[in-house]
>>> print(open('my_file-v5.txt').read())   # compact mmCIF, C-alpha atoms and all ligand atoms
# COMPACT_ATOMS: atom_id res chain seq x y z
CA MET A 1 -24.92 -1.82 10.78
CA PRO A 2 -22.87 -4.85 11.91
CA ALA A 3 -20.10 -4.09 14.43
CA PRO A 4 -16.57 -3.89 13.05
CA ILE A 5 -14.53 -7.02 13.64
CA ILE A 6 -11.30 -5.27 12.58
CA SER A 7 -10.64 -1.58 13.24
CA PHE A 8 -7.59 0.33 12.09
CA ARG A 9 -7.18 3.62 13.95
CA GLU A 10 -4.54 5.87 12.36
CA ALA A 11 -2.57 2.64 12.02
CA ALA A 12 0.98 3.06 10.77
CA LYS A 13 3.89 0.80 9.93
CA ILE A 14 7.17 2.48 9.14
CA PHE A 15 10.11 0.34 8.11
CA PRO A 16 13.65 1.65 8.33
CA GLY A 17 14.81 2.07 4.75
CA ARG A 18 18.24 2.31 3.20
CA LYS A 19 20.55 5.20 4.13
CA GLY A 20 18.35 6.26 7.05
CA ALA A 21 15.30 6.84 4.84
CA GLU A 22 12.07 5.34 6.08
CA VAL A 23 9.40 3.39 4.19
CA ARG A 24 5.88 4.36 5.24
CA ALA A 25 4.33 1.02 4.23
CA VAL A 26 1.09 1.83 6.08
CA ASP A 27 0.59 5.51 6.67
CA GLY A 28 -2.23 6.47 9.06
CA VAL A 29 -5.02 4.13 7.99
CA THR A 30 -8.41 4.45 9.69
CA LEU A 31 -10.81 1.78 8.53
CA ASP A 32 -13.49 -0.56 9.88
CA ILE A 33 -14.03 -4.03 8.46
CA ARG A 34 -17.48 -5.31 9.40
CA ALA A 35 -18.19 -8.75 10.78
CA GLY A 36 -19.52 -11.03 8.06
CA GLU A 37 -18.43 -9.10 5.00
CA ILE A 38 -16.01 -9.89 2.19
CA PHE A 39 -13.73 -6.89 2.19
CA GLY A 40 -11.26 -6.19 -0.61
CA VAL A 41 -7.98 -4.29 -0.33
CA ILE A 42 -6.70 -3.37 -3.78
CA GLY A 43 -3.61 -1.48 -4.87
CA TYR A 44 -0.54 -1.73 -7.04
CA SER A 45 2.59 -3.53 -5.90
CA GLY A 46 4.16 -1.72 -2.96
CA ALA A 47 0.96 0.13 -1.99
CA GLY A 48 1.05 -1.44 1.47
CA LYS A 49 -1.72 -4.03 1.19
CA SER A 50 0.20 -6.98 2.61
CA THR A 51 1.64 -4.93 5.44
CA LEU A 52 -1.84 -3.63 6.34
CA VAL A 53 -3.24 -7.12 6.51
CA ARG A 54 -0.23 -8.48 8.41
CA LEU A 55 -1.01 -5.93 11.11
CA VAL A 56 -4.28 -7.81 11.72
CA ASN A 57 -2.60 -11.00 12.91
CA ALA A 58 0.39 -9.10 14.24
CA LEU A 59 2.83 -10.68 11.81
CA GLU A 60 3.84 -7.01 11.69
CA ARG A 61 3.44 -4.72 14.70
CA THR A 62 2.23 -1.15 14.30
CA THR A 63 4.69 1.69 14.75
CA GLY A 64 1.81 4.10 15.33
CA GLY A 65 -1.95 4.12 15.90
CA ALA A 66 -3.89 1.00 16.77
CA VAL A 67 -5.42 -2.14 15.33
CA VAL A 68 -8.36 -3.67 17.20
CA VAL A 69 -9.37 -7.23 16.30
CA ASP A 70 -12.64 -8.63 17.65
CA GLY A 71 -12.53 -6.22 20.56
CA THR A 72 -8.84 -6.69 21.44
CA ASP A 73 -6.41 -3.81 20.91
CA LEU A 74 -3.24 -5.47 19.62
CA THR A 75 -1.00 -2.55 20.49
CA GLY A 76 1.81 -3.72 22.73
CA LEU A 77 0.30 -7.18 23.38
CA SER A 78 2.75 -9.87 24.41
CA GLU A 79 3.20 -12.93 22.20
CA ALA A 80 1.28 -14.98 24.79
CA ARG A 81 -1.66 -12.55 24.75
CA LEU A 82 -1.59 -12.49 20.94
CA ARG A 83 -1.99 -16.26 20.71
CA PRO A 84 -5.78 -16.38 21.25
CA VAL A 85 -6.24 -13.49 18.82
CA ARG A 86 -4.21 -15.29 16.17
CA ALA A 87 -6.19 -18.48 16.79
CA GLY A 88 -9.24 -16.60 15.55
CA ILE A 89 -7.59 -15.68 12.26
CA GLY A 90 -6.78 -17.93 9.30
CA MET A 91 -4.54 -16.88 6.44
CA ILE A 92 -3.96 -18.06 2.89
CA PHE A 93 -1.19 -17.02 0.52
CA GLN A 94 -0.39 -16.65 -3.16
CA GLN A 95 2.25 -19.40 -3.00
CA PHE A 96 0.06 -21.64 -0.79
CA ASN A 97 2.87 -22.25 1.75
CA LEU A 98 2.10 -25.96 2.15
CA LEU A 99 4.49 -28.39 3.86
CA SER A 100 5.85 -30.51 1.04
CA SER A 101 6.82 -33.37 3.34
CA ARG A 102 3.26 -33.83 4.57
CA THR A 103 0.23 -35.18 2.73
CA VAL A 104 -2.86 -33.06 2.14
CA ALA A 105 -4.44 -34.46 5.32
CA GLY A 106 -1.17 -33.89 7.18
CA ASN A 107 -1.10 -30.24 6.13
CA VAL A 108 -4.67 -29.65 7.24
CA ALA A 109 -4.06 -31.49 10.51
CA TYR A 110 -0.97 -29.43 11.32
CA PRO A 111 -2.69 -26.47 13.07
CA LEU A 112 -4.85 -28.95 14.99
CA GLU A 113 -1.73 -30.73 16.24
CA VAL A 114 -0.25 -27.41 17.31
CA ALA A 115 -3.50 -26.59 19.11
CA GLY A 116 -3.36 -29.97 20.88
CA TRP A 117 -6.44 -31.64 19.40
CA PRO A 118 -6.60 -35.39 20.14
CA ARG A 119 -5.97 -37.72 17.20
CA ALA A 120 -9.57 -38.94 16.71
CA ARG A 121 -11.03 -35.44 16.67
CA ARG A 122 -8.27 -34.31 14.32
CA ARG A 123 -9.14 -37.08 11.87
CA GLU A 124 -12.80 -36.21 11.91
CA ARG A 125 -12.13 -32.50 11.49
CA VAL A 126 -9.69 -33.05 8.61
CA ARG A 127 -12.25 -35.21 6.79
CA GLU A 128 -14.93 -32.57 7.32
CA LEU A 129 -12.66 -29.80 6.01
CA LEU A 130 -11.50 -31.72 2.94
CA ASP A 131 -15.14 -32.46 2.15
CA PHE A 132 -16.00 -28.79 2.48
CA VAL A 133 -13.28 -27.65 0.08
CA GLY A 134 -13.98 -30.52 -2.33
CA ILE A 135 -10.73 -32.54 -2.25
CA ALA A 136 -11.60 -35.45 0.07
CA ASP A 137 -10.15 -37.83 -2.55
CA LYS A 138 -6.71 -36.20 -2.25
CA ALA A 139 -6.22 -36.76 1.50
CA ASP A 140 -3.19 -39.01 1.08
CA VAL A 141 -1.55 -37.16 -1.80
CA TYR A 142 1.53 -34.94 -1.44
CA PRO A 143 1.29 -31.26 -2.48
CA ALA A 144 3.72 -31.76 -5.39
CA LYS A 145 1.07 -33.86 -7.12
CA LEU A 146 -1.65 -31.17 -6.88
CA SER A 147 -2.72 -28.42 -9.27
CA GLY A 148 -2.58 -24.80 -8.10
CA GLY A 149 -6.32 -24.74 -7.44
CA GLN A 150 -6.12 -27.93 -5.38
CA LYS A 151 -3.18 -26.53 -3.39
CA GLN A 152 -5.16 -23.41 -2.56
CA ARG A 153 -8.09 -25.59 -1.43
CA VAL A 154 -5.70 -27.32 0.96
CA GLY A 155 -4.53 -23.87 2.10
CA ILE A 156 -8.13 -22.85 2.76
CA ALA A 157 -8.92 -26.09 4.62
CA ARG A 158 -5.83 -25.61 6.78
CA ALA A 159 -6.71 -21.96 7.46
CA LEU A 160 -10.22 -22.96 8.56
CA ALA A 161 -9.12 -25.90 10.72
CA THR A 162 -9.41 -24.20 14.10
CA ASN A 163 -12.66 -22.37 13.31
CA PRO A 164 -11.39 -18.82 12.85
CA LYS A 165 -13.75 -15.83 12.66
CA ILE A 166 -11.56 -14.06 10.10
CA LEU A 167 -9.84 -15.34 6.95
CA LEU A 168 -7.09 -13.21 5.41
CA ALA A 169 -6.44 -14.00 1.75
CA ASP A 170 -3.20 -12.43 0.50
CA GLU A 171 -3.26 -12.57 -3.34
CA ALA A 172 -4.78 -16.03 -2.96
CA THR A 173 -5.73 -16.33 -6.62
CA SER A 174 -2.84 -14.43 -8.22
CA ALA A 175 -0.96 -17.61 -9.19
CA LEU A 176 -4.04 -19.26 -10.68
CA ASP A 177 -5.56 -19.29 -14.16
CA PRO A 178 -8.92 -17.50 -14.66
CA GLU A 179 -11.10 -20.61 -14.38
CA THR A 180 -9.38 -21.84 -11.23
CA THR A 181 -9.51 -18.29 -9.85
CA HIS A 182 -13.27 -18.38 -10.34
CA ASP A 183 -13.58 -21.70 -8.47
CA VAL A 184 -11.41 -20.54 -5.56
CA LEU A 185 -13.34 -17.26 -5.29
CA ALA A 186 -16.59 -19.23 -5.24
CA LEU A 187 -15.15 -21.28 -2.39
CA LEU A 188 -14.22 -18.12 -0.48
CA GLN A 189 -17.81 -16.96 -0.95
CA ARG A 190 -19.04 -20.23 0.60
CA VAL A 191 -16.61 -19.77 3.48
CA ASN A 192 -18.17 -16.35 4.04
CA ARG A 193 -21.82 -17.32 3.60
CA GLU A 194 -22.01 -20.82 4.99
CA LEU A 195 -19.54 -20.44 7.84
CA GLY A 196 -20.15 -16.73 8.56
CA ILE A 197 -16.42 -15.97 8.38
CA THR A 198 -15.29 -12.41 7.63
CA VAL A 199 -12.98 -12.58 4.60
CA VAL A 200 -10.34 -9.94 3.81
CA VAL A 201 -9.10 -10.27 0.25
CA ILE A 202 -5.89 -8.55 -0.83
CA THR A 203 -5.57 -8.28 -4.56
CA HIS A 204 -4.23 -6.26 -7.46
CA GLU A 205 -7.01 -7.57 -9.69
CA MET A 206 -10.21 -5.54 -9.85
CA ASP A 207 -11.96 -8.59 -11.29
CA VAL A 208 -11.54 -10.29 -7.93
CA VAL A 209 -13.20 -7.31 -6.23
CA ARG A 210 -15.93 -7.29 -8.88
CA SER A 211 -16.86 -10.90 -8.36
CA VAL A 212 -16.78 -11.36 -4.58
CA CYS A 213 -16.26 -8.23 -2.50
CA ASP A 214 -19.01 -6.37 -0.65
CA ARG A 215 -16.77 -3.39 0.05
CA VAL A 216 -13.35 -2.31 -1.10
CA ALA A 217 -10.52 -0.05 0.03
CA VAL A 218 -8.10 1.25 -2.59
CA MET A 219 -4.54 1.75 -1.29
CA GLU A 220 -1.80 3.96 -2.67
CA HIS A 221 1.48 4.90 -0.94
CA GLY A 222 0.38 3.34 2.35
CA LYS A 223 -2.91 5.21 2.53
CA VAL A 224 -6.50 4.26 1.83
CA VAL A 225 -7.45 6.69 -0.95
CA GLU A 226 -10.94 5.39 -1.66
CA LEU A 227 -13.40 3.26 0.29
CA GLY A 228 -16.93 2.13 -0.37
CA ASP A 229 -19.38 -0.52 -1.52
CA ALA A 230 -17.87 -2.38 -4.45
CA TYR A 231 -20.82 -1.41 -6.64
CA GLN A 232 -20.54 2.25 -5.77
CA VAL A 233 -16.77 2.29 -6.33
CA PHE A 234 -17.19 0.64 -9.73
CA SER A 235 -19.99 2.89 -10.88
CA ALA A 236 -18.54 6.16 -9.63
CA PRO A 237 -14.79 5.89 -8.96
CA ARG A 238 -13.41 9.13 -7.56
CA GLN A 239 -9.63 8.68 -7.71
CA ASP A 240 -7.48 8.20 -10.81
CA VAL A 241 -5.96 5.05 -9.39
CA THR A 242 -9.45 3.62 -8.82
CA ARG A 243 -10.54 4.53 -12.35
CA ARG A 244 -7.52 2.70 -13.72
CA PHE A 245 -8.38 -0.42 -11.72
CA VAL A 246 -12.05 -0.26 -12.69
CA SER A 247 -11.21 0.01 -16.38
CA THR A 248 -9.21 -3.22 -16.15
CA ALA A 249 -12.28 -5.10 -14.96
CA LEU A 250 -14.92 -3.47 -17.16
CA LYS A 251 -14.17 -3.75 -20.85
CA ASP A 252 -17.55 -2.54 -21.99
CA ARG A 253 -16.62 1.07 -22.88
CA PRO A 254 -15.20 1.57 -26.36
CA SER A 255 -11.81 3.28 -26.54
CA PRO A 256 -11.38 6.26 -28.90
CA ALA A 257 -9.82 3.91 -31.48
CA VAL A 258 -12.81 1.57 -31.27
CA ILE A 259 -15.21 4.51 -31.58
CA ALA A 260 -13.42 5.66 -34.73
CA ARG A 261 -13.83 2.16 -36.22
CA LEU A 262 -17.49 1.99 -35.20
CA ARG A 263 -18.16 5.33 -36.86
CA ALA A 264 -16.45 4.13 -40.03
CA ARG A 265 -18.41 0.88 -40.04
CA HIS A 266 -21.86 2.26 -39.15
CA THR A 267 -23.49 5.28 -40.66
CA GLY A 268 -26.00 5.92 -37.83
CA ARG A 269 -25.60 7.81 -34.57
CA ILE A 270 -23.23 6.01 -32.17
CA VAL A 271 -24.23 6.31 -28.52
CA THR A 272 -23.01 4.53 -25.39
CA VAL A 273 -25.61 4.05 -22.65
CA GLY A 274 -24.95 2.91 -19.09
CA VAL A 275 -26.82 -0.12 -17.78
CA ASP A 276 -27.27 -0.72 -14.08
CA ASP A 277 -29.93 -2.04 -11.78
CA VAL A 278 -31.06 1.40 -10.65
CA SER A 279 -31.50 3.68 -13.61
CA GLY A 280 -30.58 2.48 -17.05
CA SER A 281 -31.79 -1.06 -17.31
CA SER A 282 -31.77 -2.28 -20.89
CA ALA A 283 -35.58 -2.47 -20.72
CA HIS A 284 -35.71 1.31 -20.21
CA VAL A 285 -33.38 1.83 -23.14
CA THR A 286 -35.47 -0.36 -25.43
CA HIS A 287 -38.62 1.44 -24.32
CA VAL A 288 -37.19 4.90 -25.09
CA LEU A 289 -36.06 3.83 -28.57
CA ARG A 290 -39.49 2.39 -29.35
CA GLU A 291 -41.21 5.49 -27.99
CA HIS A 292 -39.29 7.67 -30.46
CA GLY A 293 -39.76 5.35 -33.40
CA VAL A 294 -36.06 4.65 -33.94
CA ASP A 295 -34.00 1.46 -34.15
CA GLY A 296 -31.00 0.72 -31.96
CA THR A 297 -28.51 -1.95 -32.96
CA ILE A 298 -25.98 -3.05 -30.37
CA VAL A 299 -22.52 -2.60 -31.84
CA TYR A 300 -20.28 -2.83 -28.76
CA GLY A 301 -20.44 -3.34 -25.00
CA GLY A 302 -21.27 -5.78 -22.30
CA ILE A 303 -23.16 -6.18 -19.09
CA THR A 304 -21.45 -7.94 -16.24
CA GLU A 305 -22.06 -8.25 -12.52
CA VAL A 306 -20.46 -6.11 -9.85
CA ALA A 307 -21.13 -7.39 -6.34
CA GLU A 308 -23.81 -9.62 -7.91
CA ARG A 309 -25.70 -6.67 -9.43
CA PRO A 310 -25.89 -5.92 -13.16
CA TYR A 311 -23.50 -3.29 -14.45
CA GLY A 312 -22.08 -2.27 -17.79
CA SER A 313 -22.86 -0.37 -20.96
CA LEU A 314 -24.14 -0.88 -24.46
CA THR A 315 -22.99 1.07 -27.49
CA LEU A 316 -25.77 1.43 -30.02
CA GLU A 317 -26.11 2.59 -33.56
CA ILE A 318 -29.35 4.56 -33.63
CA VAL A 319 -31.12 5.13 -36.94
CA ALA A 320 -34.58 6.27 -38.03
CA ASP A 321 -36.26 4.42 -40.89
CA GLY A 322 -33.05 2.50 -41.49
CA ALA A 323 -31.48 5.60 -42.98
CA ALA A 324 -28.38 7.50 -41.99
CA GLY A 325 -28.37 11.26 -41.65
CA ASP A 326 -29.90 13.80 -39.35
CA ASP A 327 -33.31 13.01 -38.11
CA PRO A 328 -35.13 14.81 -35.30
CA ARG A 329 -36.36 11.45 -33.99
CA VAL A 330 -32.75 10.32 -33.37
CA GLU A 331 -32.05 13.58 -31.57
CA ALA A 332 -35.18 13.14 -29.46
CA ALA A 333 -34.30 9.51 -28.68
CA VAL A 334 -30.82 10.52 -27.45
CA ALA A 335 -32.42 13.17 -25.22
CA GLY A 336 -34.90 10.54 -24.00
CA LEU A 337 -32.03 8.16 -23.16
CA ARG A 338 -30.30 10.91 -21.18
CA ALA A 339 -33.41 11.07 -18.99
CA VAL A 340 -33.14 7.40 -17.97
CA THR A 341 -29.41 6.67 -17.85
CA ASP A 342 -25.97 8.12 -18.47
CA VAL A 343 -25.15 8.61 -22.12
CA VAL A 344 -22.03 9.31 -24.14
CA ASP A 345 -22.90 10.59 -27.60
CA HIS A 346 -20.20 9.71 -30.14
CA GLY A 347 -22.06 11.31 -33.05
CA THR A 348 -21.77 9.98 -36.59
CA ALA A 349 -18.96 9.51 -39.08
CA ARG A 350 -19.97 12.72 -40.83
CA ASP A 351 -20.49 14.65 -37.61
CA PRO A 352 -18.33 13.05 -34.88
CA LEU A 353 -18.77 14.13 -31.29
CA ASP A 354 -16.25 13.80 -28.54
CA ASP A 355 -18.67 13.69 -25.65
CA ALA A 356 -16.24 12.29 -23.10
CA ALA A 357 -17.93 13.98 -20.16
CA PRO A 358 -20.57 12.06 -18.26
CA SER A 359 -24.07 13.38 -18.70
CA GLY A 360 -27.57 12.42 -17.84
CA GLY A 361 -28.09 9.61 -15.35
CA PRO A 362 -27.33 9.47 -11.68
CA THR A 363 -23.98 7.71 -11.78
CA GLY A 364 -20.76 9.03 -13.28
CA LEU A 365 -19.77 7.38 -16.52
CA LEU A 366 -16.56 5.46 -16.67
CA GLU A 367 -13.98 6.75 -19.02
CA GLY A 368 -12.92 4.66 -21.99
CA ASN A 369 -10.55 1.78 -21.56
CA ASP A 370 -7.90 3.38 -23.65
CA LEU A 371 -5.06 2.57 -21.29
N1 LIG B 401 10.09 -6.02 6.10
C1 LIG B 401 10.19 -4.91 5.35
N2 LIG B 401 11.25 -4.10 5.45
C2 LIG B 401 11.38 -2.95 4.72
N3 LIG B 401 10.43 -2.55 3.85
C3 LIG B 401 9.32 -3.31 3.70
C4 LIG B 401 9.16 -4.52 4.44
N4 LIG B 401 7.95 -5.08 4.08
C5 LIG B 401 7.42 -4.25 3.16
N5 LIG B 401 8.23 -3.19 2.95
C6 LIG B 401 7.98 -2.07 2.03
O1 LIG B 401 6.73 -1.50 2.36
C7 LIG B 401 6.03 -1.10 1.17
C8 LIG B 401 4.69 -1.78 1.13
O2 LIG B 401 4.88 -3.16 0.92
P1 LIG B 401 3.71 -4.23 0.87
O3 LIG B 401 4.30 -5.58 0.63
O4 LIG B 401 2.83 -4.06 2.05
O5 LIG B 401 2.91 -3.74 -0.42
P2 LIG B 401 1.86 -4.53 -1.27
O6 LIG B 401 0.85 -3.52 -1.69
O7 LIG B 401 1.37 -5.71 -0.54
O8 LIG B 401 2.68 -4.95 -2.53
P3 LIG B 401 2.99 -6.42 -3.09
O9 LIG B 401 1.72 -6.82 -3.77
O10 LIG B 401 4.11 -6.18 -4.04
O11 LIG B 401 3.36 -7.25 -1.91
C9 LIG B 401 6.94 -1.44 0.02
O12 LIG B 401 7.67 -0.30 -0.32
C10 LIG B 401 7.84 -2.51 0.59
O13 LIG B 401 9.09 -2.51 -0.07
>>> encode(input="my_file-v5.txt", output="structure tokens")
Amino acid sequence: MPAPIISFREAAKIFPGRKGAEVRAVDGVTLDIRAGEIFGVIGYSGAGKSTLVRLVNALERTTGGAVVVDGTDLTGLSEARLRPVRAGIGMIFQQFNLLSSRTVAGNVAYPLEVAGWPRARRRERVRELLDFVGIADKADVYPAKLSGGQKQRVGIARALATNPKILLADEATSALDPETTHDVLALLQRVNRELGITVVVITHEMDVVRSVCDRVAVMEHGKVVELGDAYQVFSAPRQDVTRRFVSTALKDRPSPAVIARLRARHTGRIVTVGVDDVSGSSAHVTHVLREHGVDGTIVYGGITEVAERPYGSLTLEIVADGAAGDDPRVEAAVAGLRAVTDVVDHGTARDPLDDAAPSGGPTGLLEGNDL
């Protein structure tokens, strides 16, 4: 297992609040972020995500516990001793934080000027960075003339200028439309894979975690309440807060209202089956239906990717001989499906079932998206 590049050890940040009350923004977090991964921190507003990540570059100092970055314990370090640690960390922001009085090239050159790079090397490096992020043609343009996606590319180029080992992305795509979000996330993936940079992504969007994160920590009230591989967290969320986030990113499960409409529209047996790359691949499902001599028509659902692996569910209307009504073959097919994947049996219009509990396969079923 790769060594951690960032370790939180019972890390705490308590702010003095109003009327002597205190705000426990980060409340005893113990967590390792591994070198080379894309790590997501997700939580609702006020959960403590930004504060946690600001402890990494000491924009905030801990009030308890420790944060160790690339082997250096930041606790009590002087500003001078923090400087080399900070030089190894780049950061990008939701609002981009570009200097409006400087051109794109000027913005990217800024950290190099601060670090004392000579002019010729600066020029070369800026060109290289703008090429990497795909906006070489905008070098002489001012930020006001750029789209949000282009501004974030400048932010990324600037953050990478001095070759950091870690990139902190604080809601970096929250101000962007879905298509631009996709492009910027793809760029962050290249930063991770091609440059070997550890990326920490703070977000309130589970879709961001779904598309790029290897692992994820879910924060609530300053604490990490769930931690794991993104795929595992999606397929078997343990906490309510995590389930709520997961259901915002996976729209494949029919809500009770949708199930009622499906039952009204289709006379056959309505069954939702999980699809993943371990147990319930759609090939297995098709095979079971054929084996029992029944037909399955897809009436709802979707398969997407979580951490680049297939995940989702299909809701099927299962009938034997094209006829509605009880048939032992349908019953046997549903039992057969339970042997290969997780199944929720919604029954039929005449005989509805409310089989909300997960059953069958190895992973827990997600609950409906009836939020
Ligand atoms: N400088 C500060 N002084 C006092 N309280 C603060 C300060 N910074 C953050 N907090 C409080 O700490 C808690 C956690 O804030 P934080 O910004 O880390 O949460 P977050 O999960 O990043 O939320 P958001 O997405 O809204 O920024 C909140 O209650 C916030 O009001």
>>> residues_near_ligand(input="my_file-v5.txt", ligand="ligand LIG 401 (chain B)", cutoff="6 Å", atoms="all atoms listed in the file", output="number ranges by chain")
A: 15, 23, 25, 43-51
>>> closest_residue(input="my_file-v5.txt", among="A:Arg263, A:Arg123, A:Arg102, A:Arg153", to="A:Asp140", atoms="only C-alpha atoms")
A:Arg102
>>> atom_distance(input="my_file-v5.txt", atom1="atom CA of A:Leu59", atom2="atom CA of A:Ala21")
22.6 Å
>>> residues_around(input="my_file-v5.txt", residues="stretch 196-202 of chain A", least_positions_apart="2", cutoff="10 Å", atoms="all atoms listed in the file", output="MDAnalysis selection string")
chainID A and resid 5:6 33:43 49:50 52:53 89:93 160 163:174 185 188:194 204:205 208:209 212:213 215:217
>>> closest_residue(input="my_file-v5.txt", among="A:Ala283, A:Ala139, A:Val26, A:Leu31", to="A:Arg54", atoms="all atoms listed in the file")
A:Val26
>>> residues_around(input="my_file-v5.txt", residues="A:Ala157", least_positions_apart="2", cutoff="8 Å", atoms="only C-alpha atoms", output="list in words")
Val108, Leu129, Leu130, Phe132, Val133, Arg153, Val154, Gly155, Ala159, Leu160 and Ala161 of chain A
>>> residues_around(input="my_file-v5.txt", residues="A:Ala349", least_positions_apart="6", cutoff="12 Å", atoms="all atoms listed in the file", output="MDAnalysis selection string")
chainID A and resid 259:270 317 324:326
>>> atom_distance(input="my_file-v5.txt", atom1="atom CA of A:Leu337", atom2="atom CA of A:Asp240")
27.5 Å
>>> atom_distance(input="my_file-v5.txt", atom1="atom CA of A:Glu291", atom2="atom CA of A:Val343")
17.4 Å
>>> closest_residue(input="my_file-v5.txt", among="A:Arg125, A:Arg158, A:Arg238, A:Lys145", to="A:Tyr110", atoms="only C-alpha atoms")
A:Arg158
>>> closest_residue(input="my_file-v5.txt", among="A:Met219, A:Ile14, A:Val271, A:Ile135", to="A:Arg61", atoms="all atoms listed in the file")
A:Ile14
>>> closest_residue(input="my_file-v5.txt", among="A:Arg243, A:Arg338, A:Arg210, A:His221", to="A:Gly274", atoms="only C-alpha atoms")
A:Arg338
>>> residues_around(input="my_file-v5.txt", residues="A:Gln239", least_positions_apart="6", cutoff="12 Å", atoms="only C-alpha atoms", output="list in words")
Ala217, Val218, Met219, Glu220, Val224, Val225, Glu226, Leu227, Val233, Phe245, Val246 and Leu366 of chain A
>>> closest_residue(input="my_file-v5.txt", among="A:Thr315, A:Leu55, A:Met206, A:Asp276", to="A:Arg244", atoms="all atoms listed in the file")
A:Met206
>>> residues_around(input="my_file-v5.txt", residues="stretch 294-310 of chain A", least_positions_apart="5", cutoff="9 Å", atoms="all atoms listed in the file", output="MDAnalysis selection string")
chainID A and resid 207 209:215 229:231 234 250:254 262 266 270 272 275:277 281 286 288:289 315:322 329:330 333
